[in-house]
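Have a look at the structure below before the remarks.
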Amino acid sequence: MATPKIVILGAGFAGLQVAKKLRKSKCDVLLIDQFNFHQFQPLFYQVATARLEPSSISFPLRKIFQHAHNVNVRITKVRNVDVSSKIVHTDDGDFGYDYLVIATGCTTNFFGNDNVAKYAYTMKSTPEAITLRNRILLNFEDALKAEPDELERLMNIVVVGGGPTGVELSGALAEMKKNVLPKDYPEMDFSKLNIYLLEGGEHTLGAMSEASQHKSQQYLERLGVKVWTNAILENYDGKMATVKDGRTIATSNLIWAAGVMGNVPEGISKENIVRGNRIKTDEFSRMTGDGSVFVIGDVAYTETKDWPNGHPQLANVAGKQATHLAQNFKRLFAGKKMLPFTYKSPGSMATIGKRKAVVDLPFISFQGGLAWLVWMFLHLMLILNAKNKLIIFINWAISYFTNDTTLRLILLPTKKQVELGIMHHSMEADGKK
């Protein structure tokens, strides 16, 4: 019997976990991603606010699979998937498969607002987090020499979206304003710096408990964040943010954390794509109508009795689905029946600042210092290797005791780096012809 070939698209929490669980299994695995590293997305905001270096939360894929002889890695972009021929077309060639795992995650959803897409900053990848860090730091360099009307725009930072990402980023920016920026820029008046958090619903952290919603907003407001609820961003032209109710904020810094949608590869039938641009699957994570294509993570949509609107797009769900799928593959190769995937939420959490966090567990909700310690411990345990755990812990300890970091580096690409990027994209374009 021929060795089964499994192609995995995406090296996020779901795709990486499947590949790791299939090491030394009786199959050949090809992991495809556009980056040569795995990214720990929950801590992107700490890279963006100069609390952690990108290398602390990014893990080289080839290093992870150095000793996995049945796992190969290709760094390329997927053009499309031909499910009828069982072929994945990429910029580096075509790859056949017996089983395909789509774990391409999600991308930013601007809800059709082209202006926001053009001018807003996002935080869905390590490069985007680095770009945002550079922008935040350059913003205050620009403010030193700005005219009064321009200074107002520079001193207003707007975060759109009151979910965990928006709340955590707003809290981190507020702590920068309080503890770091006045020491870095003693000649500036940071009482004029305003951090706005715009949330379209009635509460921040709308998916969490009422106690956590209330406490998170209270923490943010104590830190000086101006929280606007029922505030739907209507337009942003790079200089002025306009809310649907007519309110405006002059700003050169708008960060979009308000929505995501599934990142579906080209070639998937529209009949299989449901709301949120996610791919519909059965209880075994198989794409509807195709037993050789499996979908897991944020891009997957599975309706069950407990989750009639699909599973939440969380790292924990992705990891559980991946582990379960790997076990099902092993059962499949052994001639056994696959088992359906079930998910029970262990809870959710978010941190707002030093000794300020909220935690919802199935049996209890709590907030404050204990919640903050729980948040830190669990996120630290999810980091892939001991070296990075130690580096992050040391950075967090320094930040805790000094209310400061030493990571505020503005690292812009050199001319050669730009040329290298242009050359690489040019080669990709030539390959597509």
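By order in the structure tokens, chains are A, B, ...; within a chain, residues start at 1; ligands start at 1, following the order shown.
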
Which residues are near range 290-292 of chain A? Cut-off 7 Å, only C-alpha atoms, ignore same chain within fewer than 6 positions. Put them as a VMD selection string. chain A and resid 98 to 100

I'd like the contact shell of range 353-365 of chain A - 8 Å cut-off, only C-alpha atoms, skipping same-chain residues fewer than 5 positions apart - returned as a PDB file with C-alpha atoms, in the first residue's frame.
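Okay, this is what ended up in part13.pdb:
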```pdb
ATOM      1  CA  GLU A 168      -5.404  44.397  25.274  1.00  0.00           C
ATOM      2  CA  GLY A 171      -4.515  48.875  27.740  1.00  0.00           C
ATOM      3  CA  ALA A 172      -0.905  48.456  26.613  1.00  0.00           C
ATOM      4  CA  GLU A 175       0.392  52.031  30.088  1.00  0.00           C
ATOM      5  CA  MET A 208     -17.528  37.265  27.811  1.00  0.00           C
ATOM      6  CA  SER A 209     -19.565  37.431  31.021  1.00  0.00           C
ATOM      7  CA  ALA A 211     -18.904  40.923  35.075  1.00  0.00           C
ATOM      8  CA  SER A 212     -15.890  40.749  32.741  1.00  0.00           C
ATOM      9  CA  LYS A 215     -14.704  45.274  34.730  1.00  0.00           C
ATOM     10  CA  SER A 216     -12.729  45.477  31.470  1.00  0.00           C
ATOM     11  CA  TYR A 219     -10.056  49.086  33.967  1.00  0.00           C
ATOM     12  CA  SER A 345     -15.019  25.610  26.108  1.00  0.00           C
ATOM     13  CA  PRO A 346     -12.453  25.824  28.919  1.00  0.00           C
ATOM     14  CA  GLY A 347     -13.227  29.536  29.247  1.00  0.00           C
ATOM     15  CA  SER A 348     -11.853  32.822  27.934  1.00  0.00           C
ATOM     16  CA  LEU A 370      -5.213  36.689  40.199  1.00  0.00           C
ATOM     17  CA  ALA A 371      -6.787  36.764  36.730  1.00  0.00           C
ATOM     18  CA  TRP A 372      -3.690  38.573  35.459  1.00  0.00           C
ATOM     19  CA  LEU A 373      -1.388  35.864  36.867  1.00  0.00           C
ATOM     20  CA  TRP A 375      -3.485  34.909  31.958  1.00  0.00           C
ATOM     21  CA  TYR A 400       6.690  44.501  35.955  1.00  0.00           C
TER      22      TYR A 400
END
```

Nearby residues (only C-alpha atoms) at most 8 Å from Met240 in chain A, same-chain spacing under 5 positions excluded, as a compact mmCIF listing (two decimals) with N, CA and C atoms, in the first residue's frame:
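Produced file result.txt, reproduced below:
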```txt
# COMPACT_ATOMS: atom_id res chain seq x y z
N THR A 248 -16.64 62.62 15.34
CA THR A 248 -15.40 62.51 14.57
C THR A 248 -14.19 62.58 15.51
N ILE A 249 -13.10 61.99 15.05
CA ILE A 249 -11.83 62.06 15.77
C ILE A 249 -10.74 62.35 14.74
N ALA A 250 -10.01 63.44 14.91
CA ALA A 250 -8.87 63.73 14.05
C ALA A 250 -7.71 62.84 14.46
N THR A 251 -7.25 61.97 13.57
CA THR A 251 -6.19 61.03 13.92
C THR A 251 -5.40 60.58 12.71
N SER A 252 -4.12 60.39 12.92
CA SER A 252 -3.25 59.79 11.89
C SER A 252 -2.96 58.33 12.21
```

Measuring between only C-alpha atoms, which one of A:Phe190, A:Tyr97, A:Tyr119, A:Trp256 shows the shortest distance to Gly161 in chain A? A:Trp256

Just want the 12 Å neighbourhood of range 385-390 of chain A, counted on only C-alpha atoms, with same-chain residues fewer than 6 positions away dropped. Output as a ChimeraX atom specification. /A:40,52-60,63-64,376-379,396-397

Contacts of His311 in chain A at 9 Å (only C-alpha atoms; same-chain gap of 5+ positions) as a PyMOL selection string: chain A and resi 298+300-304+306+317+343

For the selection just defined, write its residues with N, CA and C atoms to a file, as a CSV table (one decimal), in the first residue's frame.
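Contents of out25.csv, freshly written:
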```csv
chain,number,residue,atom,x,y,z
A,298,ASP,N,-9.7,28.5,12.3
A,298,ASP,CA,-10.6,29.7,12.2
A,298,ASP,C,-11.4,29.7,10.9
A,300,ALA,N,-12.7,27.0,9.5
A,300,ALA,CA,-13.7,26.0,9.5
A,300,ALA,C,-15.0,26.4,10.2
A,301,TYR,N,-16.1,25.9,9.7
A,301,TYR,CA,-17.4,26.2,10.2
A,301,TYR,C,-18.2,24.8,10.4
A,302,THR,N,-18.4,24.4,11.6
A,302,THR,CA,-19.1,23.2,11.9
A,302,THR,C,-20.2,23.4,12.8
A,303,GLU,N,-21.4,23.2,12.4
A,303,GLU,CA,-22.6,23.4,13.2
A,303,GLU,C,-22.9,22.1,14.0
A,304,THR,N,-23.0,22.2,15.3
A,304,THR,CA,-23.3,21.1,16.2
A,304,THR,C,-24.4,21.5,17.1
A,306,ASP,N,-24.2,21.8,20.3
A,306,ASP,CA,-23.7,22.7,21.3
A,306,ASP,C,-23.2,24.0,20.7
A,317,VAL,N,-9.6,26.2,20.2
A,317,VAL,CA,-10.4,25.4,19.3
A,317,VAL,C,-9.5,24.8,18.2
A,343,TYR,N,-16.3,19.7,21.3
A,343,TYR,CA,-15.5,20.8,22.0
A,343,TYR,C,-16.3,21.3,23.1
```

Could you please write out, as a PyMOL selection string, every residue of range 164-257 of chain A that DSSP assigns to strand (DSSP E)? chain A and resi 194-198+226-228+233-236+240-243+248-250+253-256

For Thr281 in chain A, please output as a PyMOL selection string all residues within 9 Å (counting only C-alpha atoms; exclusion window: fewer than 3 positions along the same chain). chain A and resi 272+284-289+294-296+300-303

DSSP on the backbone: which residues in range 277-309 of chain A end up as helix (DSSP H, G or I)? Give the answer as number ranges by chain. A: 277, 297-299

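Note that CA of Glu419 in chain A and CA of Ala11 in chain A are 26.8 Å apart.
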